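Following: one structure in structure tokens, then a few remarks.
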Amino acid sequence: MSNLFTRTLLCLIPTISLIATPLQAADSGTIPARVNSALQAAKIPSDALSLAVIPLENQGMARFINADQPVNPASTMKLVTTYAALELLGPTYQWNSDLLVDGPVVDGTLQGDLIFRSGGDPKLTLERMWLMLRDLKAAGIRTINGDLVLQPADMRFPADIPPFIDDSGNQNRPFLVEPDPLLTNLKVFVLSSYAERGGVRINLEPALPEVKVVNQIALLPAPNRSCPAPNVAYSIQDSGHEAVITLTGNLHEGCMAQRYLTALTATTYTASTLRTLWAEMGGSILGGNQIGRAPASARLVSRSTSPDLVEVVRDINKWSNNTMARQLFLTIGREHRIAADRDDHKAAVRVINAWLNDKGIRANTLVMENGSGLSRMERMTAREMAQLLAQAWQSPYSAEFIASMPLAAMDGTMRRRLRNTPVAGQAHIKTGSLRNVKAIAGITRDANGQSWAVTAIVNHAAAGASGQALDLVLQDVYRRAPTDIASASSR
């Protein structure tokens, strides 16, 4: 493990002439007064804040405060993965998922196996799986005499990275789903509870036979006014091959509760989902499940192509999807794998190093465990993140990358922040949050319409209370005076 976590990537120091910062500028400036006051109110020392602000249009002076201290960036690390993916894979990169059949079809019966061939698509949804099976039905097949064969994507997963253990101890939360070569629908279930006159009705989607729901919710009388917050608790016993979900608490008549959760292994989930959707269409699979490969004699009956990478990157950054980010990080490795790479994690680290080196960027402090920020070990500095954003500003895919980040006060993980402030709608900001970590990073505009790369990261036991201080960083940038023009000597 020590070798894994001491591995570094490249120092993210741009050589772009438009960035008015020296290559190795020392910390400069002071923490804005209102930001400092907010930190003090949250009982966070000023040296727990790492701050880097870089002008992108030669319109002002950069600010660096504690900017060279390696810190945990939480989910802002997704900006490294997604920007690298756009340039290394291309904005139109797609994943394919296939259904193949092996054997003759006689009177609607396939005398052989049905093969699901995964391409490692991080966004293969139930709807797209249903469309694939509809194609199978359109091919005149109703019954499959053989097995359901699952062919995993050609992805090599690292054996030296342990699963992330959440502080809650609940490993069935959707953001904790591990990447997998047979991942479908992000392995998510939607469990809905409807309080009706005769009792509480439960609906599980997808309704897989391996998952049993025990309903112990008590029905309460209809509320006088609007429904109160649901009082429903969920406990899960999950062996990987089957699971029991127990619901307790109470729900008022006419009200509902809904929870997203995960269970089962990706292999069990995918096989059972395909079987369940096929049964809903009136089809049947008489054989069992097996892991294998499509033989040369197999015929393609359906192919589902993912959205372009641009849309996947948008989903990752707008909603901070850890599983998709991790699957994307490994895809970068897979697509650039060479014989010397032990796995796709090592390949991704290597190729991102080479990509940054081609930009004239030197190695320094960046450490990527899984590329999503869901890690206690990932590290980079605020200066590195801001300089990476400045590099992205010059990319041919800058518009796609910037648009993937949440808009302040409008959407994604920033939809409730900075409302009724001048920054609303002016900042594309990726957020990050872990125990002892809170962060923002992105591109924002000032009152004159000029753009800035901003990174602000707090690593401290009280970091969870630093949201106001981080929002005030963006408001301070918005108020930057137009007379703060960068001079040639500052370059």
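Ordered as shown in the structure tokens, chains take letters A, B, and onward, while each chain numbers its residues from 1 and ligands are numbered from 1 in the order shown.
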
Show me, as an MDAnalysis selection string, the residues that have an atom within 7 Å of region 374-381 of chain A when counting only C-alpha atoms, minus same-chain residues fewer than 3 positions from it. chainID A and resid 5 67:75 164 322 365:369 384:385

For region 261-265 of chain A, work out the shell of residues within 10 Å, counting only C-alpha atoms and skipping chain neighbours fewer than 3 positions away, then give it as an MDAnalysis selection string. chainID A and resid 171:178 180 182:183 186:191 210:211 234 236:245 258 268:270

Given the selection you just returned, output its residues as a file containing C-alpha atoms, formatted as a compact mmCIF listing (two decimals), in the first residue's frame.
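In the end it all went to again_2.txt:
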# COMPACT_ATOMS: atom_id res chain seq x y z
CA GLN A 171 -21.72 0.34 2.29
CA ASN A 172 -25.04 0.19 0.40
CA ARG A 173 -25.14 3.90 -0.33
CA PRO A 174 -25.12 4.61 -4.09
CA PHE A 175 -22.07 6.89 -4.06
CA LEU A 176 -19.99 3.97 -2.75
CA VAL A 177 -20.61 1.60 -5.67
CA GLU A 178 -17.28 0.24 -6.91
CA ASP A 180 -16.89 -3.14 -12.25
CA LEU A 182 -20.10 -5.83 -15.57
CA LEU A 183 -21.56 -2.64 -14.10
CA LEU A 186 -24.89 1.92 -11.44
CA LYS A 187 -26.19 -1.13 -9.50
CA VAL A 188 -28.92 1.08 -8.02
CA PHE A 189 -32.37 0.21 -6.67
CA VAL A 190 -35.18 2.69 -6.12
CA LEU A 191 -37.32 1.69 -3.14
CA GLU A 210 -32.69 -11.90 -5.23
CA VAL A 211 -33.86 -8.94 -3.15
CA TYR A 234 -33.79 1.15 6.07
CA ILE A 236 -29.88 -4.08 4.53
CA GLN A 237 -28.41 -7.55 4.85
CA ASP A 238 -26.47 -8.10 1.65
CA SER A 239 -24.50 -11.26 0.87
CA GLY A 240 -23.76 -10.14 -2.69
CA HIS A 241 -25.89 -12.93 -4.19
CA GLU A 242 -29.09 -12.02 -2.33
CA ALA A 243 -30.24 -9.27 0.00
CA VAL A 244 -32.95 -8.49 2.54
CA ILE A 245 -34.10 -4.90 2.99
CA GLN A 258 -38.30 7.00 -1.51
CA THR A 268 -25.67 -10.82 -9.87
CA TYR A 269 -27.39 -7.48 -10.44
CA THR A 270 -26.74 -7.46 -14.19

Identify which of the residues A:Gly254, A:Pro179, A:Gly282, A:Pro307 lies closest to Leu133 (chain A), counting only C-alpha atoms when measuring atom-to-atom distances. A:Gly282

Can you tell me how far CA of Arg480 (chain A) sits from CA of Pro45 (chain A), in Å to one decimal?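 Going from CA of Arg480 (chain A) over to CA of Pro45 (chain A) covers 24.4 Å.
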
If you run DSSP on the backbone here, which positions in region 234-442 of chain A get strand (DSSP E)? Please write them as a ChimeraX atom specification. /A:234-238,243-252,256-262,284-285,289-291,299-305,427-434,437-442

CA of His428 (chain A) to CA of Asp167 (chain A): how many Å, to one decimal?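 Those two atoms sit 29.1 Å apart.
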
Among A:Thr444, A:Asn436, A:Asn96, A:Gln216, Val458 (chain A) is approached most closely, using only C-alpha atoms, by A:Asn436

Neighbour list for Ser97 (chain A) as a list in words, cut-off 6 Å, only C-alpha atoms, skip fewer than 6 positions in-chain: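 Contacts, with the query itself left out: Arg117, Ser118, Gly119, Arg303 and Ser304 of chain A.
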
Which neighbours of Gly432 (chain A) fall inside 12 Å, counting only C-alpha atoms, when residues of the same chain fewer than 5 positions from it are skipped, and could you give them as number ranges by chain? A: 72-79, 317-322, 372-375, 406, 413-414, 437-442, 455-459, 463-464, 466-467, 470

Near His345 (chain A), counting only C-alpha atoms, which residues have an atom at most 7 Å away, once you skip same-chain residues fewer than 5 positions from it, shown as a PDB file with C-alpha atoms, in the first residue's frame?
ATOM      1  CA  PHE A 157      -8.743  -3.635 -11.930  1.00  0.00           C
ATOM      2  CA  PRO A 158      -6.017  -2.943  -9.342  1.00  0.00           C
ATOM      3  CA  LEU A 330      -9.946   3.068 -15.547  1.00  0.00           C
ATOM      4  CA  GLY A 333      -5.985   3.315 -18.589  1.00  0.00           C
TER       5      GLY A 333
END

Pick from A:Pro32, A:Gly371, A:Pro55, A:Pro91: nearest to Met324 (chain A), with only C-alpha atoms counted?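 Counting only C-alpha atoms, the residue closest to Met324 (chain A) is A:Gly371.
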